[in-house]
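A.B. asks: Contents are compact mmCIF, C-alpha atoms and all ligand atoms; file name start_28.txt:
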# COMPACT_ATOMS: atom_id res chain seq x y z
CA MET A 1 20.54 -5.72 8.33
CA SER A 2 22.67 -3.81 5.87
CA LEU A 3 20.73 -3.24 2.69
CA THR A 4 22.23 -0.42 0.73
CA ASN A 5 21.26 -0.95 -2.86
CA LEU A 6 17.72 0.07 -3.91
CA ASN A 7 17.08 -3.22 -5.69
CA GLU A 8 18.20 -5.19 -2.61
CA ILE A 9 15.84 -3.19 -0.37
CA ALA A 10 12.90 -3.70 -2.72
CA GLU A 11 13.60 -7.41 -3.03
CA TYR A 12 14.06 -7.85 0.70
CA ILE A 13 10.65 -6.30 1.47
CA LEU A 14 8.84 -8.81 -0.74
CA SER A 15 11.13 -11.83 -0.18
CA ASN A 16 9.73 -15.29 0.63
CA GLY A 17 6.08 -14.30 0.29
CA LYS A 18 6.40 -11.35 2.68
CA GLY A 19 4.27 -8.26 2.08
CA ILE A 20 3.78 -4.76 3.41
CA LEU A 21 1.63 -3.50 6.27
CA ALA A 22 0.19 -0.10 5.32
CA ALA A 23 -0.16 1.64 8.70
CA ASP A 24 0.24 5.15 7.30
CA GLU A 25 -3.28 6.46 7.83
CA SER A 26 -3.23 10.24 8.09
CA THR A 27 -4.51 11.81 11.32
CA GLY A 28 -7.92 12.29 9.68
CA THR A 29 -8.19 8.73 8.36
CA ILE A 30 -7.10 7.03 11.60
CA LYS A 31 -9.70 9.13 13.43
CA LYS A 32 -12.38 7.67 11.13
CA ARG A 33 -11.12 4.13 11.84
CA PHE A 34 -11.14 4.81 15.60
CA ASP A 35 -14.62 6.42 15.40
CA SER A 36 -15.88 3.08 14.03
CA ILE A 37 -14.88 1.42 17.34
CA ASP A 38 -15.88 4.37 19.56
CA THR A 39 -12.30 5.12 20.51
CA GLU A 40 -10.85 8.58 20.75
CA SER A 41 -7.89 9.24 18.46
CA THR A 42 -5.07 10.76 20.52
CA GLU A 43 -1.32 10.55 20.17
CA LEU A 44 -1.35 7.93 22.91
CA SER A 45 -4.19 5.79 21.50
CA ARG A 46 -2.61 5.84 18.04
CA ARG A 47 0.68 4.75 19.55
CA THR A 48 -0.93 1.99 21.61
CA TYR A 49 -2.80 0.65 18.59
CA ARG A 50 0.15 0.73 16.21
CA GLU A 51 2.62 -0.63 18.76
CA MET A 52 0.19 -3.49 19.35
CA LEU A 53 0.36 -4.36 15.63
CA PHE A 54 4.13 -3.99 15.35
CA GLN A 55 4.75 -6.19 18.42
CA ALA A 56 2.49 -8.99 17.14
CA ASP A 57 4.10 -12.39 16.52
CA GLY A 58 2.70 -12.48 12.99
CA MET A 59 4.97 -9.63 11.89
CA LYS A 60 7.94 -12.01 11.77
CA GLY A 61 8.30 -13.80 8.46
CA ASN A 62 5.09 -12.36 7.00
CA ILE A 63 5.72 -8.60 6.88
CA GLY A 64 8.81 -7.21 5.13
CA GLY A 65 7.96 -3.51 5.33
CA VAL A 66 5.65 -1.17 7.25
CA ILE A 67 4.48 2.15 5.82
CA LEU A 68 4.25 4.79 8.55
CA PHE A 69 2.78 8.26 8.91
CA ASP A 70 5.17 11.05 9.94
CA GLU A 71 4.05 10.96 13.59
CA THR A 72 4.73 7.21 13.93
CA LEU A 73 8.26 7.32 12.48
CA ARG A 74 9.22 9.70 15.32
CA GLN A 75 7.23 7.99 18.06
CA LEU A 76 8.51 5.97 21.02
CA GLY A 77 6.75 2.84 22.24
CA ALA A 78 5.61 2.28 25.83
CA ASP A 79 9.10 1.27 27.04
CA GLY A 80 10.87 4.09 25.21
CA THR A 81 11.96 2.06 22.16
CA LEU A 82 11.37 3.80 18.83
CA LEU A 83 8.44 2.20 17.01
CA SER A 84 10.64 1.99 13.91
CA GLU A 85 13.13 -0.07 15.92
CA ILE A 86 10.38 -2.45 17.03
CA ILE A 87 9.56 -2.92 13.34
CA SER A 88 13.22 -3.59 12.47
CA ASN A 89 13.51 -6.07 15.32
CA GLN A 90 10.65 -8.02 13.72
CA GLY A 91 12.66 -8.26 10.48
CA ALA A 92 10.71 -5.58 8.61
CA LEU A 93 11.88 -2.27 7.15
CA PRO A 94 10.24 1.05 8.11
CA GLY A 95 8.87 3.21 5.29
CA ILE A 96 7.09 6.55 5.19
CA LYS A 97 4.14 8.09 3.37
CA VAL A 98 5.43 11.29 1.78
CA ASP A 99 2.49 12.61 -0.19
CA LYS A 100 0.37 15.37 1.35
CA GLY A 101 -3.02 14.17 0.15
CA LEU A 102 -5.30 15.28 -2.67
CA SER A 103 -6.37 18.56 -4.18
CA PRO A 104 -8.86 19.21 -7.06
CA LEU A 105 -7.32 18.93 -10.54
CA ASP A 106 -9.15 22.10 -11.63
CA GLU A 107 -11.72 24.36 -10.03
CA ASN A 108 -15.04 22.43 -9.73
CA SER A 109 -13.32 19.24 -10.90
CA LEU A 110 -14.24 15.90 -9.32
CA GLU A 111 -10.79 14.70 -10.26
CA THR A 112 -7.75 15.15 -8.06
CA VAL A 113 -3.99 15.46 -8.11
CA THR A 114 -1.66 14.52 -5.27
CA MET A 115 0.23 17.23 -3.39
CA GLY A 116 3.65 17.26 -1.73
CA LEU A 117 6.39 17.70 -4.33
CA ASP A 118 7.49 21.21 -3.27
CA ASP A 119 9.56 20.34 -0.21
CA LEU A 120 9.87 16.61 -0.91
CA ASP A 121 13.65 16.55 -1.33
CA GLU A 122 14.17 18.23 2.05
CA ARG A 123 11.71 15.92 3.79
CA CYS A 124 13.33 12.86 2.20
CA LYS A 125 16.71 13.87 3.61
CA GLU A 126 15.22 13.95 7.09
CA TYR A 127 13.26 10.69 6.68
CA PHE A 128 16.40 8.91 5.49
CA LYS A 129 18.22 10.09 8.62
CA LEU A 130 15.30 8.86 10.72
CA GLY A 131 15.81 5.38 9.24
CA ALA A 132 13.17 5.16 6.49
CA LYS A 133 14.19 2.73 3.77
CA PHE A 134 11.27 3.30 1.43
CA THR A 135 8.44 5.73 0.78
CA LYS A 136 4.89 5.84 -0.60
CA TRP A 137 2.98 8.29 -2.81
CA ARG A 138 -0.68 7.65 -3.71
CA ALA A 139 -2.40 9.02 -6.79
CA VAL A 140 -6.16 8.57 -7.06
CA ILE A 141 -8.11 7.96 -10.26
CA ASN A 142 -11.93 7.91 -10.24
CA ILE A 143 -14.08 6.12 -12.81
CA GLY A 144 -17.36 7.91 -13.58
CA ASN A 145 -19.27 9.90 -16.14
CA GLY A 146 -16.61 11.20 -18.57
CA ILE A 147 -13.78 10.50 -16.14
CA PRO A 148 -10.94 9.83 -15.82
CA THR A 149 -9.76 12.44 -18.31
CA ASP A 150 -6.42 12.00 -20.07
CA LYS A 151 -5.27 15.19 -18.36
CA CYS A 152 -5.93 13.75 -14.92
CA ILE A 153 -4.10 10.51 -15.67
CA GLU A 154 -1.11 12.27 -17.22
CA GLU A 155 -0.74 14.90 -14.50
CA ASN A 156 -0.90 12.28 -11.75
CA MET A 157 1.61 9.97 -13.45
CA ILE A 158 4.06 12.85 -14.06
CA ARG A 159 3.92 13.66 -10.34
CA LEU A 160 4.45 9.99 -9.42
CA ALA A 161 7.55 9.89 -11.63
CA ASP A 162 8.90 13.18 -10.21
CA TYR A 163 8.34 11.81 -6.72
CA ALA A 164 10.07 8.48 -7.50
CA LYS A 165 13.13 10.22 -8.89
CA ILE A 166 13.53 12.51 -5.86
CA VAL A 167 13.15 9.56 -3.48
CA GLN A 168 15.73 7.43 -5.31
CA ASN A 169 18.16 10.37 -5.30
CA ASN A 170 17.80 10.18 -1.51
CA ASN A 171 18.60 6.44 -1.45
CA MET A 172 15.13 5.16 -0.62
CA VAL A 173 12.84 2.85 -2.61
CA PRO A 174 9.69 4.57 -3.92
CA ILE A 175 6.39 2.73 -3.80
CA VAL A 176 4.36 4.16 -6.68
CA GLU A 177 0.65 3.83 -5.98
CA PRO A 178 -1.74 4.77 -8.78
CA GLU A 179 -5.08 3.74 -7.25
CA VAL A 180 -8.09 3.34 -9.54
CA LEU A 181 -10.91 3.49 -6.98
CA MET A 182 -13.52 0.73 -6.58
CA ASP A 183 -16.25 3.32 -5.87
CA GLY A 184 -18.90 3.49 -8.59
CA SER A 185 -21.09 1.27 -10.77
CA HIS A 186 -18.48 0.56 -13.47
CA THR A 187 -17.85 -2.98 -14.70
CA LEU A 188 -14.71 -5.06 -14.34
CA ASN A 189 -14.01 -4.34 -18.00
CA ASP A 190 -14.19 -0.56 -17.38
CA CYS A 191 -11.68 -1.04 -14.57
CA PHE A 192 -9.45 -3.11 -16.89
CA ILE A 193 -9.42 -0.35 -19.53
CA VAL A 194 -8.69 2.48 -17.08
CA THR A 195 -6.07 0.52 -15.10
CA SER A 196 -4.28 -0.40 -18.36
CA LYS A 197 -4.21 3.23 -19.44
CA VAL A 198 -2.94 4.38 -16.05
CA LEU A 199 -0.16 1.80 -15.82
CA ASN A 200 0.90 2.41 -19.39
CA SER A 201 1.16 6.14 -18.73
CA LEU A 202 2.96 5.56 -15.42
CA PHE A 203 5.78 3.52 -16.94
CA ILE A 204 6.18 5.99 -19.83
CA GLN A 205 6.68 8.76 -17.24
CA LEU A 206 8.99 6.71 -15.00
CA LYS A 207 11.15 5.87 -18.00
CA SER A 208 11.24 9.47 -19.22
CA LYS A 209 12.49 10.61 -15.79
CA ASP A 210 15.07 7.81 -15.76
CA VAL A 211 13.69 6.20 -12.61
CA ASN A 212 15.46 2.95 -11.68
CA ILE A 213 12.68 0.39 -12.24
CA LYS A 214 14.55 -2.35 -10.35
CA GLY A 215 14.56 -0.11 -7.30
CA THR A 216 10.82 0.61 -7.44
CA ILE A 217 7.75 -1.18 -6.07
CA LEU A 218 4.39 -0.81 -7.79
CA LYS A 219 1.30 -0.68 -5.58
CA PRO A 220 -1.69 -1.03 -7.90
CA ASN A 221 -5.39 -1.75 -7.51
CA MET A 222 -6.73 -5.09 -8.66
CA VAL A 223 -8.94 -5.20 -11.75
CA ILE A 224 -12.30 -5.53 -10.07
CA SER A 225 -16.02 -4.62 -10.51
CA GLY A 226 -17.12 -1.24 -9.10
CA THR A 227 -18.67 -1.49 -5.63
CA ASN A 228 -22.14 -0.64 -7.02
CA CYS A 229 -21.90 -2.64 -10.24
CA SER A 230 -24.88 -5.00 -10.52
CA GLU A 231 -22.68 -7.85 -11.81
CA GLN A 232 -19.81 -8.61 -9.47
CA ALA A 233 -16.98 -10.60 -11.08
CA GLY A 234 -15.85 -13.73 -9.24
CA VAL A 235 -12.41 -14.49 -7.78
CA GLN A 236 -11.05 -16.29 -10.84
CA GLU A 237 -12.09 -13.53 -13.24
CA VAL A 238 -10.58 -10.80 -11.06
CA ALA A 239 -7.34 -12.79 -10.85
CA GLU A 240 -7.15 -13.54 -14.58
CA GLN A 241 -7.93 -9.98 -15.70
CA THR A 242 -5.56 -8.42 -13.16
CA VAL A 243 -2.69 -10.66 -14.23
CA LYS A 244 -3.47 -9.96 -17.91
CA CYS A 245 -3.53 -6.20 -17.30
CA LEU A 246 -0.20 -6.30 -15.43
CA ILE A 247 1.53 -8.50 -18.02
CA GLU A 248 0.42 -6.14 -20.79
CA ASN A 249 1.51 -2.93 -19.06
CA VAL A 250 4.27 -3.54 -16.49
CA PRO A 251 7.94 -4.09 -17.45
CA GLU A 252 9.40 -7.43 -16.41
CA ASP A 253 12.37 -5.92 -14.62
CA LEU A 254 10.23 -4.17 -12.00
CA SER A 255 11.25 -5.47 -8.60
CA GLY A 256 7.86 -6.27 -7.23
CA ILE A 257 4.17 -5.56 -7.09
CA ALA A 258 2.24 -5.20 -3.84
CA PHE A 259 -1.50 -4.60 -4.15
CA LEU A 260 -3.61 -2.21 -2.11
CA SER A 261 -6.85 -3.68 -0.73
CA GLY A 262 -8.97 -0.64 -1.54
CA GLY A 263 -12.07 -1.59 0.47
CA GLN A 264 -12.23 -5.30 -0.43
CA SER A 265 -13.22 -7.66 2.39
CA ASP A 266 -10.34 -9.37 4.19
CA ILE A 267 -11.11 -12.71 2.55
CA ASP A 268 -11.59 -11.29 -0.96
CA ALA A 269 -8.24 -9.48 -0.77
CA THR A 270 -6.54 -12.74 0.25
CA ALA A 271 -8.45 -14.97 -2.21
CA HIS A 272 -7.74 -12.69 -5.18
CA LEU A 273 -4.01 -12.53 -4.44
CA ASP A 274 -3.84 -16.29 -3.98
CA ALA A 275 -5.69 -16.97 -7.25
CA MET A 276 -3.24 -14.73 -9.14
CA ASN A 277 -0.23 -16.53 -7.72
CA LYS A 278 -1.83 -19.89 -8.60
CA ILE A 279 -2.14 -18.66 -12.23
CA GLY A 280 1.55 -17.57 -12.32
CA GLY A 281 3.40 -16.90 -15.57
CA PHE A 282 4.89 -13.53 -14.55
CA LYS A 283 8.39 -12.51 -13.49
CA TRP A 284 7.68 -10.14 -10.60
CA LYS A 285 6.76 -11.00 -7.02
CA LEU A 286 3.03 -10.46 -6.60
CA SER A 287 2.28 -9.63 -2.96
CA PHE A 288 0.27 -7.35 -0.70
CA SER A 289 0.53 -3.86 0.80
CA TYR A 290 -2.77 -3.86 2.63
CA GLY A 291 -4.13 -1.33 5.08
CA ARG A 292 -7.72 -2.21 5.86
CA ALA A 293 -7.53 -5.88 4.79
CA LEU A 294 -4.70 -6.49 7.28
CA GLN A 295 -5.98 -4.30 10.12
CA GLN A 296 -9.76 -4.50 10.13
CA ALA A 297 -10.04 -7.73 12.15
CA ALA A 298 -7.51 -6.51 14.73
CA LEU A 299 -9.21 -3.10 15.04
CA LYS A 300 -12.64 -4.69 15.63
CA THR A 301 -11.17 -7.06 18.22
CA TRP A 302 -9.16 -4.38 20.04
CA LEU A 303 -12.00 -1.85 20.51
CA GLY A 304 -9.56 0.47 22.26
CA LYS A 305 -9.32 -1.85 25.31
CA GLU A 306 -6.13 -3.02 27.00
CA GLU A 307 -7.63 -6.43 27.81
CA ASN A 308 -8.23 -7.15 24.10
CA ILE A 309 -4.65 -6.57 22.97
CA THR A 310 -3.56 -10.22 22.89
CA SER A 311 -6.58 -11.37 20.89
CA ALA A 312 -6.30 -8.38 18.54
CA GLN A 313 -2.65 -9.32 17.93
CA SER A 314 -3.76 -12.89 17.11
CA ALA A 315 -6.33 -11.53 14.63
CA PHE A 316 -3.64 -9.42 12.94
CA SER A 317 -1.09 -12.26 12.94
CA HIS A 318 -3.63 -14.57 11.31
CA ARG A 319 -4.33 -12.13 8.44
CA ALA A 320 -0.60 -11.52 7.95
CA LEU A 321 0.01 -15.27 7.66
CA MET A 322 -2.98 -15.81 5.35
CA ASN A 323 -1.72 -13.11 3.00
CA LYS A 324 1.79 -14.55 3.01
CA LYS A 325 0.24 -17.88 1.98
CA ALA A 326 -1.67 -16.03 -0.77
CA ALA A 327 1.54 -14.37 -1.99
CA THR A 328 2.94 -17.84 -2.64
CA GLY A 329 -0.32 -19.33 -3.97
CA GLU A 330 -0.67 -21.68 -0.98
CA TRP A 331 -3.84 -20.30 0.59
CA HIS A 332 -7.20 -22.10 0.77
CA THR A 333 -10.40 -21.32 2.69
CA GLY A 334 -9.76 -24.22 5.10
CA LEU A 335 -6.85 -22.26 6.59
CA GLU A 336 -9.20 -19.52 7.76
CA ASN A 337 -10.75 -21.62 10.57
P1 LIG A 401 -5.95 -0.18 1.77
O1 LIG A 401 -5.34 -1.55 1.64
O2 LIG A 401 -6.87 -0.05 2.94
O3 LIG A 401 -6.56 0.27 0.46
O4 LIG A 401 -4.78 0.82 2.08
C1 LIG A 401 -3.62 0.74 1.36
C2 LIG A 401 -2.98 2.06 1.25
O5 LIG A 401 -1.88 2.24 1.65
C3 LIG A 401 -3.72 3.16 0.60
O6 LIG A 401 -2.84 4.19 0.26
Can you present the structure in this file as structure tokens?
C.D. replies:
Amino acid sequence: MSLTNLNEIAEYILSNGKGILAADESTGTIKKRFDSIDTESTELSRRTYREMLFQADGMKGNIGGVILFDETLRQLGADGTLLSEIISNQGALPGIKVDKGLSPLDENSLETVTMGLDDLDERCKEYFKLGAKFTKWRAVINIGNGIPTDKCIEENMIRLADYAKIVQNNNMVPIVEPEVLMDGSHTLNDCFIVTSKVLNSLFIQLKSKDVNIKGTILKPNMVISGTNCSEQAGVQEVAEQTVKCLIENVPEDLSGIAFLSGGQSDIDATAHLDAMNKIGGFKWKLSFSYGRALQQAALKTWLGKEENITSAQSAFSHRALMNKKAATGEWHTGLEN
């Protein structure tokens, strides 16, 4: 596969309803996932788990890119093949998380900024040599009492734009992920207002840094009710408001949009994406870049046991296919059985 131009890479990843598998959990986060199935997180168990996903039949045709953590990009599978090569052999491109997590915006602040710009250029040069075709940087915005502040939004979006520029200078496609968290009791409308503000600010910053929009993938949250909100919006409302928010704030020449799942159930994440694609009326590809919503079923089936690998792979393959159907608006609940 020779994809040299940034726009070609971005389009390939999301072509024909394909989406992205986010398998870039940091060492701390993957430990939490493994704790939930009583499995120790070691270099070997992480490799076994991730190789199981990458070898699954459902990778082919449904997954166009896989986001990896540093350890995984360098790791060999059981037979000595690089995990990134296993991914390529399935028709997907390997990508890499390059942010270094969150730090408080100010002393005593509940708000955060994302770290990792200092040595980013150097790290990108190495990741490119290791075969990464795209990268990810996640900014986190909380909704709560008096937050998000304008300062928090602006500082995070400036960093996302600086990141995107450095990555493109190193010939990789940046995924820009400004995540407005679901945590809290805010309404869907609150989420709409904050997400609009965030996306608006993001594209102002990307433009001001001269980032190539056609060689960029946006990874946003959906416009959704807070987890503790007493009135939970239904599938159609989430889909309509998310599409409205994106149309109002995202330039048409962006290559593609791939949502995060953010703690939604597997079925909600699929149903929302499907409903948006059934509405249509937008120029970009609207697809998925799910972590939990693609992996949860497989993780719970695997339980860290060799004998469960085949059924865990089936569980993962099923979710990958369901989300591909959703990315083309062809999903319905009957397909889940
Ligand atoms: P979730 O789909 O579990 O939110 O993970 C996506 C991701 O990559 C977060 O940065």
A.B. asks: Using only C-alpha atoms and all ligand atoms, find each residue with an atom at most 7 Å away from ligand LIG 401 (chain A) and format the answer as a PyMOL selection string.
C.D. replies: chain A and resi 22+24+138+260-263+289-293
A.B. asks: Hey, what's within 10 Å of Gly91 in chain A if we count all atoms listed in the file and toss same-chain stuff fewer than 2 positions away? As JSON, numbers by chain, please?
C.D. replies: {"A": [1, 12, 13, 59, 60, 61, 62, 63, 64, 65, 85, 86, 87, 88, 89, 93, 94]}
A.B. asks: One decimal, Å: what's the distance from CA of Asn277 in chain A over to CA of Ala326 in chain A, could you say?
C.D. replies: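 Here the two named atoms are 7.1 Å from each other.
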A.B. asks: For Gln236 in chain A, which residue among A:Lys151, A:Lys197, A:Lys278, A:Lys207 is the nearest when counting only C-alpha atoms?
C.D. replies: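 For Gln236 in chain A, the nearest of the given residues is A:Lys278.
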A.B. asks: Report, in Å with one decimal, the straight-line distance from CA of Ile247 in chain A to CA of Glu155 in chain A.
C.D. replies: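 Distance between the two atoms: 23.8 Å.
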A.B. asks: Let me make sure I understand: among A:Ile267, A:Val98, A:Leu202, A:Ile175, which one has the smallest atom-to-atom distance to Val250 in chain A if we use all atoms listed in the file?
C.D. replies: A:Leu202
A.B. asks: Residues around (-0.5, 1.4, 9.6), cut-off 10 Å, counting all atoms listed in the file - what are they as a list in words?
C.D. replies: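 I get Ile20, Leu21, Ala22, Ala23, Asp24, Glu25, Ser26, Ile30, Arg46, Tyr49, Arg50, Glu51, Leu53, Phe54, Val66, Ile67, Leu68, Phe69, Thr72, Tyr290, Gly291, Arg292, Leu294 and Gln295 of chain A for the residues within 10 Å of that point.
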A.B. asks: Once N, CA and C atoms are restored for range 199-228 of chain A, what would the output be as a compact mmCIF listing (two decimals), keeping the file's coordinate frame?
C.D. replies:
# COMPACT_ATOMS: atom_id res chain seq x y z
N LEU A 199 -1.46 2.45 -15.98
CA LEU A 199 -0.16 1.80 -15.82
C LEU A 199 0.74 2.09 -17.02
N ASN A 200 0.13 2.10 -18.19
CA ASN A 200 0.90 2.41 -19.39
C ASN A 200 1.51 3.80 -19.27
N SER A 201 0.69 4.76 -18.88
CA SER A 201 1.16 6.14 -18.73
C SER A 201 2.22 6.24 -17.63
N LEU A 202 2.01 5.52 -16.53
CA LEU A 202 2.96 5.56 -15.42
C LEU A 202 4.36 5.14 -15.87
N PHE A 203 4.44 4.00 -16.58
CA PHE A 203 5.78 3.52 -16.94
C PHE A 203 6.43 4.37 -18.03
N ILE A 204 5.62 5.03 -18.87
CA ILE A 204 6.18 5.99 -19.83
C ILE A 204 6.85 7.13 -19.04
N GLN A 205 6.14 7.64 -18.03
CA GLN A 205 6.68 8.76 -17.24
C GLN A 205 7.90 8.35 -16.42
N LEU A 206 7.85 7.16 -15.81
CA LEU A 206 8.99 6.71 -15.00
C LEU A 206 10.23 6.59 -15.88
N LYS A 207 10.03 6.03 -17.07
CA LYS A 207 11.15 5.87 -18.00
C LYS A 207 11.69 7.24 -18.42
N SER A 208 10.78 8.17 -18.72
CA SER A 208 11.24 9.47 -19.22
C SER A 208 12.00 10.24 -18.14
N LYS A 209 11.75 9.93 -16.87
CA LYS A 209 12.49 10.61 -15.79
C LYS A 209 13.69 9.77 -15.34
N ASP A 210 13.94 8.66 -16.05
CA ASP A 210 15.07 7.81 -15.76
C ASP A 210 15.03 7.21 -14.35
N VAL A 211 13.84 6.84 -13.93
CA VAL A 211 13.69 6.20 -12.61
C VAL A 211 14.19 4.76 -12.73
N ASN A 212 14.93 4.32 -11.71
CA ASN A 212 15.46 2.95 -11.68
C ASN A 212 14.30 1.99 -11.35
N ILE A 213 13.86 1.25 -12.38
CA ILE A 213 12.68 0.39 -12.24
C ILE A 213 12.95 -0.77 -11.27
N LYS A 214 14.20 -1.23 -11.26
CA LYS A 214 14.55 -2.35 -10.35
C LYS A 214 14.56 -1.93 -8.89
N GLY A 215 14.59 -0.62 -8.67
CA GLY A 215 14.56 -0.11 -7.30
C GLY A 215 13.23 0.54 -7.00
N THR A 216 12.15 0.03 -7.61
CA THR A 216 10.82 0.61 -7.44
C THR A 216 9.82 -0.50 -7.15
N ILE A 217 8.85 -0.23 -6.30
CA ILE A 217 7.75 -1.18 -6.07
C ILE A 217 6.46 -0.54 -6.55
N LEU A 218 5.69 -1.29 -7.31
CA LEU A 218 4.39 -0.81 -7.79
C LEU A 218 3.30 -1.27 -6.82
N LYS A 219 2.43 -0.33 -6.44
CA LYS A 219 1.30 -0.68 -5.58
C LYS A 219 0.01 -0.36 -6.33
N PRO A 220 -0.51 -1.31 -7.08
CA PRO A 220 -1.69 -1.03 -7.90
C PRO A 220 -2.97 -1.53 -7.24
N ASN A 221 -4.10 -1.13 -7.84
CA ASN A 221 -5.39 -1.75 -7.51
C ASN A 221 -5.50 -3.05 -8.28
N MET A 222 -6.40 -3.91 -7.84
CA MET A 222 -6.73 -5.09 -8.66
C MET A 222 -7.77 -4.67 -9.69
N VAL A 223 -7.90 -5.46 -10.75
CA VAL A 223 -8.94 -5.20 -11.75
C VAL A 223 -10.22 -5.88 -11.26
N ILE A 224 -11.19 -5.05 -10.89
CA ILE A 224 -12.30 -5.53 -10.07
C ILE A 224 -13.58 -4.77 -10.46
N SER A 225 -14.76 -5.34 -10.21
CA SER A 225 -16.02 -4.62 -10.51
C SER A 225 -16.20 -3.46 -9.53
N GLY A 226 -16.80 -2.35 -10.00
CA GLY A 226 -17.12 -1.24 -9.10
C GLY A 226 -18.03 -1.72 -7.98
N THR A 227 -17.91 -1.06 -6.81
CA THR A 227 -18.67 -1.49 -5.63
C THR A 227 -20.18 -1.58 -5.92
N ASN A 228 -20.70 -0.64 -6.75
CA ASN A 228 -22.14 -0.64 -7.02
C ASN A 228 -22.51 -1.27 -8.36
